[in-house]
Each structure stands twice: as C-alpha cells, then as structure tokens.
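protein-v4.cif (mmCIF, C-alpha atoms (C1' of nucleotides)) appears below.
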data_start
loop_
_atom_site.label_atom_id
_atom_site.label_comp_id
_atom_site.auth_asym_id
_atom_site.auth_seq_id
_atom_site.Cartn_x
_atom_site.Cartn_y
_atom_site.Cartn_z
CA MET A 170 131.20 162.95 -23.89
CA MET A 171 129.23 163.80 -20.79
CA ASP A 172 126.64 166.55 -20.68
CA VAL A 173 126.68 169.36 -18.17
CA TRP A 174 123.88 167.85 -16.06
CA SER A 175 125.79 164.61 -15.57
CA ALA A 176 128.93 166.58 -14.84
CA LEU A 177 127.10 168.37 -12.05
CA ALA A 178 125.56 165.19 -10.68
CA ASP A 179 128.80 164.26 -8.96
CA GLU A 180 129.39 165.73 -5.50
CA THR A 181 133.18 165.87 -5.86
CA ARG A 182 132.88 167.83 -9.07
CA ARG A 183 130.48 170.29 -7.46
CA GLU A 184 132.95 170.75 -4.61
CA ILE A 185 135.73 171.43 -7.11
CA LEU A 186 133.62 174.13 -8.74
CA ASP A 187 132.93 175.59 -5.31
CA LEU A 188 136.66 175.72 -4.59
CA LEU A 189 137.32 177.50 -7.84
CA ARG A 190 134.85 180.18 -6.94
CA SER A 191 137.46 181.92 -4.76
CA ARG A 192 140.43 181.69 -7.14
CA PRO A 193 142.14 179.48 -9.72
CA TYR A 194 143.86 176.34 -8.41
CA THR A 195 146.51 174.06 -9.85
CA ALA A 196 145.59 170.42 -10.35
CA GLY A 197 147.88 169.48 -7.46
CA GLU A 198 146.23 171.96 -5.12
CA ILE A 199 142.85 170.55 -5.99
CA VAL A 200 144.05 167.00 -5.35
CA ASP A 201 145.20 168.13 -1.89
CA GLN A 202 141.66 169.20 -1.00
CA PHE A 203 140.24 165.71 -1.40
CA SER A 204 141.04 162.28 -0.05
CA LEU A 205 141.07 160.85 -3.53
CA SER A 206 143.92 159.80 -5.78
CA ALA A 207 145.40 162.22 -8.28
CA ALA A 208 144.15 159.94 -11.04
CA THR A 209 140.59 160.21 -9.82
CA VAL A 210 140.67 163.96 -9.36
CA SER A 211 142.28 164.34 -12.79
CA HIS A 212 139.39 162.39 -14.25
CA HIS A 213 136.87 164.70 -12.60
CA LEU A 214 138.79 167.71 -13.86
CA SER A 215 138.69 166.35 -17.40
CA VAL A 216 134.91 166.02 -17.15
CA LEU A 217 134.63 169.59 -15.94
CA ARG A 218 136.86 170.75 -18.77
CA GLU A 219 135.02 168.76 -21.46
CA THR A 220 131.74 170.26 -20.36
CA LYS A 221 133.33 173.71 -20.33
CA LEU A 222 132.56 174.29 -16.68
CA VAL A 223 136.22 175.16 -16.12
CA ASN A 224 139.05 176.63 -18.16
CA THR A 225 142.68 175.54 -18.06
CA THR A 226 146.02 177.14 -18.69
CA ARG A 227 149.50 175.73 -18.36
CA ARG A 228 152.22 177.35 -16.24
CA ALA A 229 155.41 175.35 -16.59
CA GLN A 230 154.65 171.86 -15.26
CA THR A 231 151.47 172.89 -13.55
CA VAL A 232 148.00 173.14 -15.02
CA ILE A 233 145.80 175.84 -13.61
CA TYR A 234 142.05 175.34 -13.42
CA SER A 235 139.64 178.23 -13.17
CA LEU A 236 135.89 178.50 -13.04
CA ASN A 237 134.09 179.27 -16.29
CA PRO A 238 130.92 181.01 -15.12
CA ALA A 239 129.46 181.17 -18.64
CA MET A 240 128.32 177.56 -18.61
CA LEU A 241 126.58 177.83 -15.25
CA ARG A 242 124.99 181.06 -16.35
CA ARG A 243 123.63 179.31 -19.40
CA LEU A 244 122.26 176.57 -17.23
CA MET A 245 120.64 179.11 -14.95
CA ASN A 246 119.13 180.96 -17.88
CA GLY A 247 117.89 177.68 -19.29
CA LEU A 248 116.13 176.99 -16.01
CA ALA A 249 114.60 180.45 -16.01
CA GLU A 250 113.37 179.87 -19.55
CA PHE A 251 112.00 176.48 -18.58
CA LEU A 252 110.08 177.91 -15.67
CA ASN A 253 108.89 181.10 -17.41
CA PRO A 254 108.50 180.28 -21.11
CA MET B 84 117.87 158.60 -1.91
CA MET B 85 119.05 160.50 -4.94
CA ASP B 86 119.76 164.22 -4.92
CA VAL B 87 118.18 166.66 -7.33
CA TRP B 88 121.33 166.96 -9.46
CA SER B 89 121.47 163.24 -10.08
CA ALA B 90 117.77 163.23 -10.79
CA LEU B 91 118.32 165.83 -13.50
CA ALA B 92 121.33 164.02 -14.94
CA ASP B 93 119.06 161.56 -16.75
CA GLU B 94 117.77 162.61 -20.17
CA THR B 95 114.51 160.67 -19.86
CA ARG B 96 113.71 162.37 -16.58
CA ARG B 97 114.40 165.78 -18.04
CA GLU B 98 112.07 164.95 -20.93
CA ILE B 99 109.38 163.94 -18.47
CA LEU B 100 109.71 167.29 -16.70
CA ASP B 101 109.50 169.03 -20.05
CA LEU B 102 106.33 167.13 -20.84
CA LEU B 103 104.76 168.15 -17.56
CA ARG B 104 105.38 171.79 -18.32
CA SER B 105 102.24 171.90 -20.46
CA ARG B 106 99.87 170.02 -18.15
CA PRO B 107 99.64 167.15 -15.68
CA TYR B 108 99.90 163.64 -17.12
CA THR B 109 98.90 160.24 -15.83
CA ALA B 110 101.65 157.64 -15.43
CA GLY B 111 100.23 155.73 -18.37
CA GLU B 112 100.24 158.79 -20.62
CA ILE B 113 103.86 159.40 -19.73
CA VAL B 114 104.76 155.79 -20.52
CA ASP B 115 103.16 156.26 -23.96
CA GLN B 116 105.57 159.09 -24.76
CA PHE B 117 108.64 156.90 -24.43
CA SER B 118 109.83 153.64 -25.92
CA LEU B 119 110.61 152.30 -22.49
CA SER B 120 108.77 149.79 -20.34
CA ALA B 121 106.23 150.91 -17.77
CA ALA B 122 108.53 149.59 -15.07
CA THR B 123 111.37 151.78 -16.23
CA VAL B 124 109.26 154.90 -16.54
CA SER B 125 107.74 154.23 -13.15
CA HIS B 126 111.22 154.09 -11.69
CA HIS B 127 112.07 157.46 -13.23
CA LEU B 128 108.84 158.90 -11.89
CA SER B 129 109.68 157.68 -8.41
CA VAL B 130 113.04 159.45 -8.60
CA LEU B 131 111.33 162.66 -9.67
CA ARG B 132 108.86 162.30 -6.85
CA GLU B 133 111.48 161.52 -4.20
CA THR B 134 113.44 164.60 -5.21
CA LYS B 135 110.23 166.64 -5.12
CA LEU B 136 110.54 167.67 -8.74
CA VAL B 137 106.98 166.46 -9.31
CA ASN B 138 103.81 166.09 -7.28
CA THR B 139 101.36 163.23 -7.48
CA THR B 140 97.69 162.74 -6.85
CA ARG B 141 95.49 159.70 -7.30
CA ARG B 142 92.32 159.68 -9.40
CA ALA B 143 90.71 156.28 -9.19
CA GLN B 144 93.22 153.80 -10.62
CA THR B 145 95.35 156.43 -12.24
CA VAL B 146 98.17 158.45 -10.70
CA ILE B 147 98.57 161.98 -11.97
CA TYR B 148 101.97 163.56 -12.13
CA SER B 149 102.44 167.32 -12.23
CA LEU B 150 105.45 169.58 -12.27
CA ASN B 151 106.57 171.06 -8.97
CA PRO B 152 108.29 174.27 -10.03
CA ALA B 153 109.47 175.05 -6.48
CA MET B 154 112.39 172.64 -6.63
CA LEU B 155 113.67 173.93 -9.96
CA ARG B 156 113.28 177.48 -8.72
CA ARG B 157 115.40 176.62 -5.71
CA LEU B 158 118.02 175.14 -7.97
CA MET B 159 117.97 178.25 -10.13
CA ASN B 160 118.30 180.49 -7.11
CA GLY B 161 121.12 178.35 -5.83
CA LEU B 162 122.93 178.82 -9.12
CA ALA B 163 122.36 182.57 -8.96
CA GLU B 164 123.74 182.62 -5.43
CA PHE B 165 126.72 180.55 -6.52
CA LEU B 166 127.53 182.89 -9.36
CA ASN B 167 126.84 186.14 -7.48
CA PRO B 168 127.63 185.50 -3.82
"C1'" DT C 113 83.81 139.41 -3.97
"C1'" DT C 114 85.46 138.99 -8.54
"C1'" DG C 115 87.42 140.79 -12.61
"C1'" DG C 116 89.56 144.59 -15.04
"C1'" DT C 117 92.65 148.52 -15.48
"C1'" DA C 118 96.57 151.28 -13.94
"C1'" DT C 119 100.67 151.51 -11.51
"C1'" DT C 120 104.42 150.03 -8.68
"C1'" DT C 121 107.71 146.72 -6.74
"C1'" DC C 122 110.90 142.87 -7.18
"C1'" DG C 123 114.91 140.55 -8.80
"C1'" DA C 124 118.25 140.33 -12.08
"C1'" DA C 125 121.08 141.70 -16.28
"C1'" DA C 126 123.34 145.31 -18.89
"C1'" DA C 127 125.43 149.73 -19.09
"C1'" DT C 128 127.73 153.49 -17.09
"C1'" DT C 129 130.62 155.80 -13.78
"C1'" DA C 130 134.04 156.27 -9.96
"C1'" DT C 131 138.09 154.76 -8.28
"C1'" DC C 132 142.86 153.23 -7.92
"C1'" DG C 133 148.00 152.02 -8.83
"C1'" DA C 134 151.19 152.08 -12.28
"C1'" DA C 135 152.95 153.86 -16.36
"C1'" DA C 136 153.28 157.58 -19.64
"C1'" DA C 137 153.48 162.41 -21.01
"C1'" DA C 138 154.65 167.35 -20.50
"C1'" DT C 139 157.64 170.72 -18.97
"C1'" DC C 140 161.23 172.75 -16.39
"C1'" DG C 141 166.24 173.71 -14.75
"C1'" DC C 142 170.70 172.34 -15.18
"C1'" DG D 181 169.94 165.42 -23.02
"C1'" DC D 182 168.90 164.08 -17.94
"C1'" DG D 183 166.54 164.03 -13.72
"C1'" DA D 184 162.84 166.07 -11.12
"C1'" DT D 185 158.10 167.61 -10.71
"C1'" DT D 186 153.39 167.79 -12.09
"C1'" DT D 187 149.63 165.97 -14.46
"C1'" DT D 188 147.27 162.75 -17.40
"C1'" DT D 189 146.31 158.23 -19.43
"C1'" DC D 190 145.83 153.23 -19.14
"C1'" DG D 191 143.81 149.05 -17.59
"C1'" DA D 192 141.23 146.99 -14.25
"C1'" DT D 193 137.78 146.61 -10.44
"C1'" DA D 194 134.02 148.28 -7.57
"C1'" DA D 195 129.89 150.81 -7.17
"C1'" DT D 196 125.89 152.77 -9.06
"C1'" DT D 197 122.24 153.30 -12.37
"C1'" DT D 198 119.20 151.94 -16.10
"C1'" DT D 199 116.46 148.65 -17.89
"C1'" DC D 200 113.26 144.80 -18.33
"C1'" DG D 201 109.65 140.96 -17.50
"C1'" DA D 202 107.02 139.11 -14.07
"C1'" DA D 203 104.61 139.52 -9.95
"C1'" DA D 204 102.33 142.33 -6.66
"C1'" DT D 205 99.47 146.25 -5.30
"C1'" DA D 206 95.70 149.70 -5.61
"C1'" DC D 207 91.43 150.97 -7.01
"C1'" DC D 208 86.93 150.78 -9.22
"C1'" DA D 209 82.64 148.78 -11.15
"C1'" DA D 210 79.39 145.35 -11.30
#
Would you mind writing the structure in this file as structure tokens?
Amino acid sequence: MMDVWSALADETRREILDLLRSRPYTAGEIVDQFSLSAATVSHHLSVLRETKLVNTTRRAQTVIYSLNPAMLRRLMNGLAEFLNP
Amino acid sequence: MMDVWSALADETRREILDLLRSRPYTAGEIVDQFSLSAATVSHHLSVLRETKLVNTTRRAQTVIYSLNPAMLRRLMNGLAEFLNP
DNA sequence: TTGGTATTTCGAAAATTATCGAAAAATCGC
DNA sequence: GCGATTTTTCGATAATTTTCGAAATACCAA
C-alpha cells in the first residue's frame, strides 16, 4: 500500500487529479486523455483510490472517478503544521 | 533531476527534513540518525539539495545542511491554489 | 606536503514502480 | 442466459530508485 506522497510523485497521477478538478470522469474518459494503455491508467487510478485521493462510484458498466479534496487538504494542513509548529 | 514531489516521496528524506526543523545538522550528524550508510544518506541529501528543499554551507571539512522552508511553502501554496482556484 | 577527518562520487546489486497485452470480471440490454 | 461494453487483474518486462562498499575529493592542521 502506497502512501499519499508516493502517489503524488507520479506525473500522470497528478495530471489525473488535475483533470478531476473540473468534474468527475469515467475511467474510459480518463484513459482517453493519456497516451497510455487502459491497464496502466487503471493501475494509476487504483493507487489514487487506495490513497483516498479520489472517490469512485459505479454507474452501470462505467466507474466514475471524482476528486476527494479532503486528502489534499490534510496534506496541505500537514505542511502548514510542519512549517509553523 | 528529480522533482520536489519525488523528493518527498521517500520516507528517509522526509525524516531528514523533519530533523532539520529544529536546527541545522552536519552531514555526519544526519548519518548518525539513520541506520543507513553514509553513501546512501549523502545521496538523499543531494536529492534534497537539488530540489532546493535544503541549503548547504561548508565549515572546514564539514557540510552543514539546513531546511529551506521556501520550497515547502511554495508546495503548500500550490496545493491551496489547486484546491481553491 | 603529509596525514587525518568529513563528505561525496562511482559502479553495481537489490528493490520498487511503470508499463503493456491478454485474460478475467462486472454490469447492462435483450 | 448471451453478447456487448467498460474496467480491472494477471503475468511479464522495462525503467527507475535505493542501497552499499570502495575509491575519490575537500579541507584543515601540523
């Protein structure tokens, strides 16, 4: 199980989070945004889900990914705490 | 050249930054805090320096590492901007 | 300059991560 | 249930990162 820092270390995963800032996307829509295989993107999505950076819901065959701001907020607050103890 | 996210993805490097929160440390003092070889710690320090997360000065034979809060502040502000565009 | 201390660089091995094609799983509509 | 669509898992390979011991570098003191 990867931690949130390692999850964010990957450029593709950061781009996925950036995408999700505007609205939720299905897995297929996210795959379309990258020149990577569906298998690879699915792997990145599973990392983002395991680290709770995104939420998922199912809609028929499709899986919808949405940004979970709580985790990034926690990270930001952790940084603030680190800098101003 | 590693980016700041990848630099922070490593637990040892995060612990080094945490150490430097209290005061500057020499390379040797930092090595003493970990059960890792000097070569390995030196590598981590070079990553932290390249990504500007720490500053260095020389004092005779010793190299002193200190926290550079500017980079972490930028990261924090970037997160804030990401969350509240 | 020589010797001593502190640190970094080099070269290689081990561990982890990213990537893919193919197969499997989940869910729908009929 | 069956076929179609969407997504994930599997198994393997490539790429990257961590780690170390040994050698090299940097600096000082005598």
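Interface residues of chain D facing chain B, defined by any atom at most 12 Å away and using all atoms listed in the file, are DT196, DT197, DT198, DT199, DC200, DG201, DA202, DA203, DT205, DA206, DC207, DC208 and DA209 of chain D.
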Nearby residues (only C-alpha atoms (C1' of nucleotides)) at most 9 Å from C:DA137, same-chain spacing under 5 positions excluded, as a list in words: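 The filter keeps DT187, DT188 and DT189 of chain D.
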Only residues of chain A matter here; which ones have an atom within 9 Å of chain B, counting all atoms listed in the file? Give them as a ChimeraX atom specification. /A:172-179,187,190,238,241-242,244-246,248-249,251-252
Could you name the residues that touch B:Glu112 at 12 Å or less, counting only C-alpha atoms (C1' of nucleotides), but leaving out those on the same chain fewer than 2 positions away, as a ChimeraX atom specification? /B:99,102-103,106-110,114-117,121,124-125,145-148 /C:118-119
May I have chain B as a CSV table (one decimal) with C-alpha atoms, in the coordinates of the input, after a least-squares superposition on chain A that uses all C-alpha atoms paired in order?
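Contents of the output file selection_26.csv:
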chain,number,residue,atom,x,y,z
B,84,MET,CA,131.2,162.9,-23.9
B,85,MET,CA,129.2,163.8,-20.8
B,86,ASP,CA,126.6,166.5,-20.7
B,87,VAL,CA,126.7,169.4,-18.2
B,88,TRP,CA,123.9,167.8,-16.1
B,89,SER,CA,125.8,164.6,-15.6
B,90,ALA,CA,128.9,166.6,-14.9
B,91,LEU,CA,127.1,168.4,-12.1
B,92,ALA,CA,125.6,165.2,-10.7
B,93,ASP,CA,128.8,164.3,-9.0
B,94,GLU,CA,129.4,165.7,-5.5
B,95,THR,CA,133.2,165.9,-5.9
B,96,ARG,CA,132.9,167.8,-9.1
B,97,ARG,CA,130.5,170.3,-7.5
B,98,GLU,CA,133.0,170.8,-4.6
B,99,ILE,CA,135.7,171.4,-7.1
B,100,LEU,CA,133.6,174.1,-8.8
B,101,ASP,CA,132.9,175.6,-5.3
B,102,LEU,CA,136.6,175.7,-4.6
B,103,LEU,CA,137.3,177.5,-7.8
B,104,ARG,CA,134.9,180.2,-6.9
B,105,SER,CA,137.5,181.9,-4.8
B,106,ARG,CA,140.4,181.7,-7.1
B,107,PRO,CA,142.2,179.5,-9.7
B,108,TYR,CA,143.8,176.3,-8.4
B,109,THR,CA,146.5,174.1,-9.8
B,110,ALA,CA,145.6,170.4,-10.3
B,111,GLY,CA,147.9,169.5,-7.5
B,112,GLU,CA,146.2,172.0,-5.1
B,113,ILE,CA,142.8,170.6,-6.0
B,114,VAL,CA,144.0,167.0,-5.3
B,115,ASP,CA,145.2,168.1,-1.9
B,116,GLN,CA,141.6,169.2,-1.0
B,117,PHE,CA,140.2,165.7,-1.4
B,118,SER,CA,141.0,162.3,0.0
B,119,LEU,CA,141.0,160.8,-3.5
B,120,SER,CA,143.9,159.8,-5.8
B,121,ALA,CA,145.4,162.2,-8.3
B,122,ALA,CA,144.1,159.9,-11.0
B,123,THR,CA,140.6,160.2,-9.8
B,124,VAL,CA,140.7,164.0,-9.4
B,125,SER,CA,142.3,164.3,-12.8
B,126,HIS,CA,139.4,162.4,-14.3
B,127,HIS,CA,136.9,164.7,-12.6
B,128,LEU,CA,138.8,167.7,-13.9
B,129,SER,CA,138.7,166.4,-17.4
B,130,VAL,CA,134.9,166.0,-17.2
B,131,LEU,CA,134.6,169.6,-16.0
B,132,ARG,CA,136.9,170.7,-18.8
B,133,GLU,CA,135.0,168.8,-21.5
B,134,THR,CA,131.7,170.3,-20.4
B,135,LYS,CA,133.3,173.7,-20.4
B,136,LEU,CA,132.6,174.3,-16.7
B,137,VAL,CA,136.2,175.2,-16.2
B,138,ASN,CA,139.1,176.6,-18.2
B,139,THR,CA,142.7,175.5,-18.1
B,140,THR,CA,146.0,177.1,-18.7
B,141,ARG,CA,149.5,175.7,-18.3
B,142,ARG,CA,152.2,177.4,-16.2
B,143,ALA,CA,155.4,175.4,-16.6
B,144,GLN,CA,154.7,171.9,-15.2
B,145,THR,CA,151.5,172.9,-13.5
B,146,VAL,CA,148.0,173.1,-15.0
B,147,ILE,CA,145.8,175.8,-13.6
B,148,TYR,CA,142.1,175.3,-13.4
B,149,SER,CA,139.6,178.2,-13.2
B,150,LEU,CA,135.9,178.5,-13.1
B,151,ASN,CA,134.1,179.3,-16.3
B,152,PRO,CA,130.9,181.0,-15.1
B,153,ALA,CA,129.5,181.2,-18.7
B,154,MET,CA,128.3,177.5,-18.6
B,155,LEU,CA,126.6,177.8,-15.3
B,156,ARG,CA,125.0,181.1,-16.4
B,157,ARG,CA,123.6,179.3,-19.4
B,158,LEU,CA,122.2,176.6,-17.2
B,159,MET,CA,120.6,179.1,-15.0
B,160,ASN,CA,119.1,180.9,-17.9
B,161,GLY,CA,117.9,177.7,-19.3
B,162,LEU,CA,116.1,177.0,-16.0
B,163,ALA,CA,114.6,180.4,-16.0
B,164,GLU,CA,113.4,179.9,-19.5
B,165,PHE,CA,112.0,176.5,-18.5
B,166,LEU,CA,110.1,177.9,-15.6
B,167,ASN,CA,108.9,181.1,-17.4
B,168,PRO,CA,108.5,180.2,-21.0
Would you kindly translate the PyMOL selection byres ((chain C) within 12 of (chain A)) into the concrete residues it picks from this file, as a list in words? DT128, DT129, DA130, DT131, DC132, DG133, DA134, DA135, DA137, DA138, DT139, DC140 and DG141 of chain C
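Between atom CA of B:Thr134 and atom CA of B:Met84 the separation is 8.2 Å.
When atom CA of B:Ser149 is paired with atom CA of B:Ile113, their separation reads 11.0 Å.
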Given the file shown, determine the residues that the PyMOL selection byres ((chain C and resi 113) around 12) selects; report them as an mmCIF file with C-alpha atoms (C1' of nucleotides), in the coordinates of the input.
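Below you can see part00.cif, which holds the result:
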data_model
loop_
_atom_site.group_PDB
_atom_site.id
_atom_site.type_symbol
_atom_site.label_atom_id
_atom_site.label_comp_id
_atom_site.auth_asym_id
_atom_site.auth_seq_id
_atom_site.Cartn_x
_atom_site.Cartn_y
_atom_site.Cartn_z
ATOM 1 C "C1'" DT C 114 85.460 138.990 -8.540
ATOM 2 C "C1'" DG C 115 87.420 140.790 -12.610
ATOM 3 C "C1'" DA D 209 82.640 148.780 -11.150
ATOM 4 C "C1'" DA D 210 79.390 145.350 -11.300
#
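Atom pair atom CA of B:Arg132 / atom CA of B:Leu150 has a distance of 9.7 Å (rounded to one decimal).
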Evaluated on this file, the PyMOL selection byres ((chain C and resi 121) around 8) picks out some residues - which ones are they, written as an mmCIF file with C-alpha atoms (C1' of nucleotides), in the frame of the given file?
data_model
loop_
_atom_site.group_PDB
_atom_site.id
_atom_site.type_symbol
_atom_site.label_atom_id
_atom_site.label_comp_id
_atom_site.auth_asym_id
_atom_site.auth_seq_id
_atom_site.Cartn_x
_atom_site.Cartn_y
_atom_site.Cartn_z
ATOM 1 C "C1'" DT C 120 104.420 150.030 -8.680
ATOM 2 C "C1'" DC C 122 110.900 142.870 -7.180
ATOM 3 C "C1'" DA D 204 102.330 142.330 -6.660
#
